Structures are given as C-alpha cells and as structure tokens.
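Read the structure below first, then the notes.
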Amino acid sequence: MDKFREECGLVAAVLKGNVEAAQTVYFGLNGLQHRGQQSAGLAVCNDGIMSCYKDTGLVTEVLDEKILTILKGDMALGHVKYGPGTESFQIHAQPLLINYRHGSLATAFNGALVNGNQLRERMENDGAIFSTTTDCEVVAALIARYDKNDITEAVKATMEEIQGGYALCIMTKDRIIGARDPRGIRPLSIGKLSSGYALASESCAFDMMEGEFIRDVKPGEIIIIENENITSVSTGIENEKAMCSFEYVYFARPDSTIDGKNVYDVRELAGRALAAEHPVDADVIIGVPDSGTPAAIGYSLESGIPYRPGLIKNKYIGRIFIQPTQTQREIGVRIKLNPIEMLVKDKSVVLVDDSIVRGTTMRKIIATLRHVGAKEVHLRISSPPIRNCCYFGVDTPDIKDFIATSRPVEEIRQELDADSLGFISIEGLLKSLGGTGYCTGCFSGEYPMDIGINYLPTFRIAR
C-alpha cells in the first residue's frame, strides 16, 4: 500500500522459573507484526547461555513450532523488522547477539540514529569491525565499550552519545534492560505477565501474551527487569518531549495505548476534527480499511452523514508494495480493496483515509469507486500533507516521490481525480492528540533535533 512503513517492533520478557519465555514472546511478536514484515527473530537465555534464531519472513514463517521448541529459556527478546532495500537481508535481522569481554549481549532496536554514521566511523577508526549497516550494531558496540562491570551505566553512557528516536531492549545473562530516547519519539511500554514482566513497542502485545499493560517507559528512562523485580533508572538527560505523531495516525494498532492515549480514540477525534475543518454535503462516508476506518467513523459522528463499510479488504493476499512493477501494484489495489457497489452507486461519497504519500494507491481507489457508479468522490485525509522525510526510524520514499512535496492541495486533488480534497490541519491533529509534545516533522519540516547531512541514518544516505 501507499504508506510510510514503520521500521520495527520489539518484545522482551523475563519469566523466572519458566523456560517457555520464547513462546510467550512469540505471541507478543504476532501482535506487533504490523510494525515489520521483512524479518523476525528471537533470542533466549537459559542458565546464562544465549542462543538466537532469526530470518527473513513473517513471525509465523520464521519462528515455527520446531524453532520454538529449541529456544528454551526464562528470558527472551524478540524483534520484527521492516527495512529498506539495503537492510532486507537475513544478516540485518534482529536481535543482534554479540560476545564481548563480559559475556554475551543480545540487542533489539526500533528507530534510527541521526549521528549513527559518525559514531560508526569513529569506532572504525579505533579498530572496530562491523558486520551490518544497522544502528542496532552501533548501539551494541557502544554498550560493550562502556561496560566496566556495570551494564546499566554502560547503557546510560551510550544514551548520552546517541542522537535520534529509538526504543531499545538489551538482554544479558541475568536481566532485560529497556530504554526509550530522551524525547520519547519511539514508543516502549511495560507489562505484567503471570510469572514476570515484559517490555513491548505497543501495549497490544501484552494482550496477546495474556498480560496486563502497566505504563509507558518515560522518555530518557531505563527499565531493568531482573528475577521478579523491575527497577527504573533515569538518565538525567533533559529534552522536550516529541512523541511521533504518525504512530497515532497510522503505525500503531488501534487497540494500543501510547503515552496515556488510546490510538483508536485519537483517530476518531481526528476524523471529527476533519469533518469540522472540511465539511461536505454527501450521501455516505466510507473509510479505507483498516487504518482509515476510525477517522471515517469520527467524520460520520461529527457530520451526521451515515458511515458504511464500502470497501472490502482481502486479508489473504501478499503485500502490494512489494510487487515488482507499478502496473502489478495497481492491479493489486483492486484485488486487495474492492468496493460494495450497492453502497456507492449513484451516491456522493466521502472517502476517508489516514494519509497519502505517493498517491498511486489513492488514485486507483477513486477510479474504482467511479467505475462502480459513485456520483462524486470527496477525499478527506486525517493527517496533514506529508511533505518531508522522517529521520527517526521510519522508511520514507524519496521526497521527490511525495505527491504533496511541491503541489498545493488543488493540484493534488486534480492529480487524484477527486471532486474535493481536504487534509486535517497540523493544529487539528495536535488537538486530537491533546496538545503539544509531538514530532510533526514529516508534515511541517520542523524536527525536534538538528538534522544535517552528516547526521542522517545510513539508509537515508543510501537513497
């Protein structure tokens, strides 16, 4: 589909006395499959001995029953990844397991460092050797360097050096450590399980693990899970909070709660704000499933126009965006999203979606609605126009491919062949989120930290 793609999701659990931690984390990873579909992996620790299995593919493809039976241990660390072309091979899958002078260390990372290249170059000049191009390996190398028999202090020292948006989990022989960047750009949460504690990118993972969401990890906070105890350590790094607003727009599952806000509620409120900002006289409202549905319902509740599930999503086909040619991708849109003709024929339709990046998929959806008899198609988008790249862990296309980069809204409307087009304002989105404290860089071009060519993530340099 024509969307931004999240880089990854992670789950970690400590279940002392229960060597089935891998099975528990497996269920959590399935709950986070939407955050990455190119690779999956699990590392476990059993009596101080670590082992890891990872490969390209979905969670159910990589971590089958045979592998889960082998991966015994009372601590487990799992990861799902979507990476750009330069990071789509098995070698870049996570967790990353390394051996260093204090033993073994498994690391999983969600996000991106804006100074990762500089740190990598500095360590290479000092003799370090890297096997991948991932920021995860840079972080692991820094922790190993700073570990003077105190892993927590090593993590603190590493967080003082790295800049970017990230959530991080580390497994040692006796504990799991989680950390969230000082601005809280990427999410990380804490859960209670029947026999221990867990960390996950989203709270919905705890539901899959039959656990209970406790709270979010605070920006700049380090969480240590050891035996049956959980400890919080502050890095003391003070920064203004800048949670990624696009997590609420698209990335996160609607049944997740992030920083005290339910994702579904935010999307529905954004739909209400969109209706207030861009009203239209129409017969029916339909949403682009699945992420556009809550905003469509919100638009309906605010406007009084009835909502109908006018597009049916085929859940049993592959991902459209990986088809090799644009023609195949466009055909794939019709296979994946098919309209119910009786709900749209001879009607003025409000089509609601969460975002537009290139516009290729949306153009095809609108053409399909017209083909089955829609009288008018009024497009409403519950995020502002995307005009800029993300540098904090989201794989974004080249900026020249964004439909909104240099076009005013009227030109975008003409390009998509919609009868009208309305985007929610940045102010409207922030109001739906409850105020300030969010990164809107992909919309506004204003980032929560300095972005320069010497600081960009490896995958951005490569494009």
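Going through the structure tokens in order, the chains are called A, B, and so on, while each chain numbers its residues from 1 and the ligands are numbered from 1 in the order shown.
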
Who sits within 8 Å of Ser300 (chain A), only C-alpha atoms, same chain under 5 positions skipped, as a list of chain:residue names
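In the requested form, the answer reads A:Arg272, A:Ala275, A:Ile285, A:Ile305, A:Pro306, A:Tyr307.
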
Serialized selection, C-alpha atoms, as a PDB file, in the first residue's frame:
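Once everything was written out, this is selection_21.pdb:
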ATOM      1  CA  ARG A 272     -14.259  14.607  13.941  1.00  0.00           C
ATOM      2  CA  ALA A 275     -15.296  16.980   9.458  1.00  0.00           C
ATOM      3  CA  ILE A 285     -18.929   8.006   4.257  1.00  0.00           C
ATOM      4  CA  ILE A 305     -23.591  11.521   7.342  1.00  0.00           C
ATOM      5  CA  PRO A 306     -24.007   7.737   7.635  1.00  0.00           C
ATOM      6  CA  TYR A 307     -20.905   5.547   7.644  1.00  0.00           C
TER       7      TYR A 307
END

Per residue of region 96-148 of chain A within 10 Å of region 179-185 of chain A, which atom pair is closest and at what distance in Å (one decimal), using only C-alpha atoms, listed by chain and increasing number, as a Markdown table?
| residue | atom | partner | partner_atom | distance |
| --- | --- | --- | --- | --- |
| A:Phe109 | CA | A:Ala179 | CA | 9.8 |
| A:Asn110 | CA | A:Arg180 | CA | 9.7 |
| A:Gly111 | CA | A:Ile185 | CA | 8.6 |

Please identify the strand (DSSP E) residues within region 370-428 of chain A (assignment by DSSP from backbone atoms) and present them as a ChimeraX atom specification.
/A:376-381,394-395,420-423

Could you write out that same residue set with C-alpha atoms as a compact mmCIF listing (two decimals), in the first residue's frame?
# COMPACT_ATOMS: atom_id res chain seq x y z
CA GLU A 376 -18.96 12.13 -6.54
CA VAL A 377 -15.87 11.23 -4.52
CA HIS A 378 -14.82 13.72 -1.87
CA LEU A 379 -11.47 12.76 -0.35
CA ARG A 380 -10.67 13.57 3.29
CA ILE A 381 -7.33 12.78 4.94
CA VAL A 394 10.51 5.29 9.50
CA ASP A 395 11.39 4.20 5.99
CA SER A 420 -12.85 17.78 -3.46
CA LEU A 421 -9.91 17.22 -1.11
CA GLY A 422 -9.33 18.19 2.49
CA PHE A 423 -6.43 17.45 4.83

If we count only C-alpha atoms, what is near Ile162 (chain A) at a cut-off of 10 Å, once residues fewer than 4 positions away on the same chain are taken out, given as an mmCIF file with all heavy atoms, in the first residue's frame?
data_model
loop_
_atom_site.group_PDB
_atom_site.id
_atom_site.type_symbol
_atom_site.label_atom_id
_atom_site.label_comp_id
_atom_site.auth_asym_id
_atom_site.auth_seq_id
_atom_site.Cartn_x
_atom_site.Cartn_y
_atom_site.Cartn_z
ATOM 1 N N ALA A 112 15.970 5.090 14.657
ATOM 2 C CA ALA A 112 17.134 5.447 13.856
ATOM 3 C C ALA A 112 17.933 6.514 14.577
ATOM 4 O O ALA A 112 17.385 7.368 15.285
ATOM 5 C CB ALA A 112 16.719 5.950 12.472
ATOM 6 N N LEU A 113 19.234 6.465 14.393
ATOM 7 C CA LEU A 113 20.144 7.458 14.961
ATOM 8 C C LEU A 113 20.524 8.462 13.885
ATOM 9 O O LEU A 113 20.884 8.074 12.771
ATOM 10 C CB LEU A 113 21.409 6.789 15.498
ATOM 11 C CG LEU A 113 21.227 5.685 16.541
ATOM 12 C CD1 LEU A 113 22.592 5.148 16.967
ATOM 13 C CD2 LEU A 113 20.446 6.192 17.740
ATOM 14 N N VAL A 114 20.464 9.730 14.205
ATOM 15 C CA VAL A 114 20.878 10.739 13.233
ATOM 16 C C VAL A 114 22.385 10.935 13.254
ATOM 17 O O VAL A 114 22.942 11.551 12.335
ATOM 18 C CB VAL A 114 20.153 12.082 13.468
ATOM 19 C CG1 VAL A 114 18.660 11.926 13.268
ATOM 20 C CG2 VAL A 114 20.458 12.647 14.839
ATOM 21 N N ASN A 115 23.071 10.445 14.284
ATOM 22 C CA ASN A 115 24.533 10.513 14.323
ATOM 23 C C ASN A 115 25.172 9.129 14.282
ATOM 24 O O ASN A 115 26.319 8.949 14.670
ATOM 25 C CB ASN A 115 25.008 11.279 15.557
ATOM 26 C CG ASN A 115 24.669 10.569 16.863
ATOM 27 O OD1 ASN A 115 23.756 9.742 16.910
ATOM 28 N ND2 ASN A 115 25.380 10.905 17.919
ATOM 29 N N GLY A 116 24.422 8.141 13.804
ATOM 30 C CA GLY A 116 24.933 6.779 13.751
ATOM 31 C C GLY A 116 26.155 6.635 12.861
ATOM 32 O O GLY A 116 27.106 5.916 13.191
ATOM 33 N N GLN A 118 28.433 8.901 12.139
ATOM 34 C CA GLN A 118 29.595 9.497 12.803
ATOM 35 C C GLN A 118 30.147 8.566 13.881
ATOM 36 O O GLN A 118 31.374 8.390 13.990
ATOM 37 C CB GLN A 118 29.215 10.845 13.429
ATOM 38 C CG GLN A 118 29.039 11.973 12.421
ATOM 39 C CD GLN A 118 28.875 13.307 13.127
ATOM 40 O OE1 GLN A 118 28.284 13.384 14.194
ATOM 41 N NE2 GLN A 118 29.405 14.355 12.525
ATOM 42 N N LEU A 119 29.273 7.988 14.674
ATOM 43 C CA LEU A 119 29.720 7.089 15.732
ATOM 44 C C LEU A 119 30.380 5.843 15.143
ATOM 45 O O LEU A 119 31.406 5.373 15.649
ATOM 46 C CB LEU A 119 28.532 6.693 16.611
ATOM 47 C CG LEU A 119 27.903 7.818 17.425
ATOM 48 C CD1 LEU A 119 26.599 7.359 18.068
ATOM 49 C CD2 LEU A 119 28.864 8.329 18.485
ATOM 50 N N ASP A 135 21.890 0.568 12.905
ATOM 51 C CA ASP A 135 22.160 1.342 14.115
ATOM 52 C C ASP A 135 22.190 0.444 15.343
ATOM 53 O O ASP A 135 22.838 0.764 16.337
ATOM 54 C CB ASP A 135 21.098 2.429 14.294
ATOM 55 C CG ASP A 135 21.267 3.581 13.317
ATOM 56 O OD1 ASP A 135 22.408 3.808 12.861
ATOM 57 O OD2 ASP A 135 20.267 4.253 13.004
ATOM 58 N N VAL A 138 25.686 -0.416 16.075
ATOM 59 C CA VAL A 138 26.402 0.725 16.651
ATOM 60 C C VAL A 138 26.113 0.823 18.143
ATOM 61 O O VAL A 138 27.025 1.005 18.967
ATOM 62 C CB VAL A 138 26.000 2.038 15.937
ATOM 63 C CG1 VAL A 138 26.579 3.252 16.653
ATOM 64 C CG2 VAL A 138 26.453 2.014 14.485
ATOM 65 N N VAL A 139 24.850 0.690 18.512
ATOM 66 C CA VAL A 139 24.460 0.761 19.920
ATOM 67 C C VAL A 139 25.091 -0.369 20.720
ATOM 68 O O VAL A 139 25.630 -0.162 21.817
ATOM 69 C CB VAL A 139 22.919 0.734 20.054
ATOM 70 C CG1 VAL A 139 22.501 0.576 21.504
ATOM 71 C CG2 VAL A 139 22.312 1.998 19.457
ATOM 72 N N LEU A 142 28.769 0.315 21.325
ATOM 73 C CA LEU A 142 28.986 1.344 22.346
ATOM 74 C C LEU A 142 28.770 0.785 23.745
ATOM 75 O O LEU A 142 29.558 1.049 24.663
ATOM 76 C CB LEU A 142 28.054 2.525 22.093
ATOM 77 C CG LEU A 142 28.410 3.446 20.925
ATOM 78 C CD1 LEU A 142 27.263 4.421 20.651
ATOM 79 C CD2 LEU A 142 29.694 4.214 21.209
ATOM 80 N N ALA A 157 25.724 5.737 29.478
ATOM 81 C CA ALA A 157 26.784 6.408 28.722
ATOM 82 C C ALA A 157 26.502 6.366 27.228
ATOM 83 O O ALA A 157 26.752 7.340 26.499
ATOM 84 C CB ALA A 157 28.133 5.743 29.023
ATOM 85 N N THR A 158 25.943 5.249 26.758
ATOM 86 C CA THR A 158 25.591 5.128 25.344
ATOM 87 C C THR A 158 24.493 6.111 24.974
ATOM 88 O O THR A 158 24.546 6.771 23.924
ATOM 89 C CB THR A 158 25.147 3.685 25.037
ATOM 90 O OG1 THR A 158 26.233 2.792 25.284
ATOM 91 C CG2 THR A 158 24.692 3.544 23.593
ATOM 92 N N TYR A 166 14.376 6.366 19.306
ATOM 93 C CA TYR A 166 14.593 4.926 19.434
ATOM 94 C C TYR A 166 13.937 4.345 20.672
ATOM 95 O O TYR A 166 13.680 5.035 21.664
ATOM 96 C CB TYR A 166 16.099 4.606 19.486
ATOM 97 C CG TYR A 166 16.838 5.266 20.630
ATOM 98 C CD1 TYR A 166 16.913 4.674 21.886
ATOM 99 C CD2 TYR A 166 17.465 6.503 20.462
ATOM 100 C CE1 TYR A 166 17.586 5.275 22.950
ATOM 101 C CE2 TYR A 166 18.134 7.118 21.502
ATOM 102 C CZ TYR A 166 18.204 6.503 22.737
ATOM 103 O OH TYR A 166 18.858 7.110 23.790
ATOM 104 N N ASP A 181 14.289 6.792 24.012
ATOM 105 C CA ASP A 181 15.072 8.001 23.757
ATOM 106 C C ASP A 181 14.553 9.177 24.587
ATOM 107 O O ASP A 181 13.375 9.215 24.967
ATOM 108 C CB ASP A 181 15.062 8.352 22.266
ATOM 109 C CG ASP A 181 13.724 8.891 21.790
ATOM 110 O OD1 ASP A 181 13.478 10.103 21.925
ATOM 111 O OD2 ASP A 181 12.922 8.089 21.276
#

Between A:Ile312, A:Cys244, A:Leu343, A:Val14, which one has atoms that come closest to Tyr447 (chain A), using only C-alpha atoms?
A:Cys244

Test item: residues at most 6 Å from region 438-440 of chain A, only C-alpha atoms, excluding those fewer than 3 positions along its chain, as an MDAnalysis selection string
chainID A and resid 242:245 443:444

As a ChimeraX atom specification, please: the residues near Tyr197 (chain A) (cut-off 12 Å, only C-alpha atoms, same-chain neighbours under 5 positions excluded).
/A:11-16,21,24-25,74-76,175-178,189-192,206,209-215,223-231

Using only C-alpha atoms, can you tell me which of A:Ile386, A:Ile426, A:Leu68, A:Val266 comes closest to Arg407 (chain A)?
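Under the stated criterion, the closest residue is A:Ile386.
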
Counting only C-alpha atoms, figure out which residue out of A:Asp174, A:Glu302, A:Glu221, A:Glu65 gets nearest to Ile49 (chain A).
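Of all the options, A:Asp174 lies closest to Ile49 (chain A).
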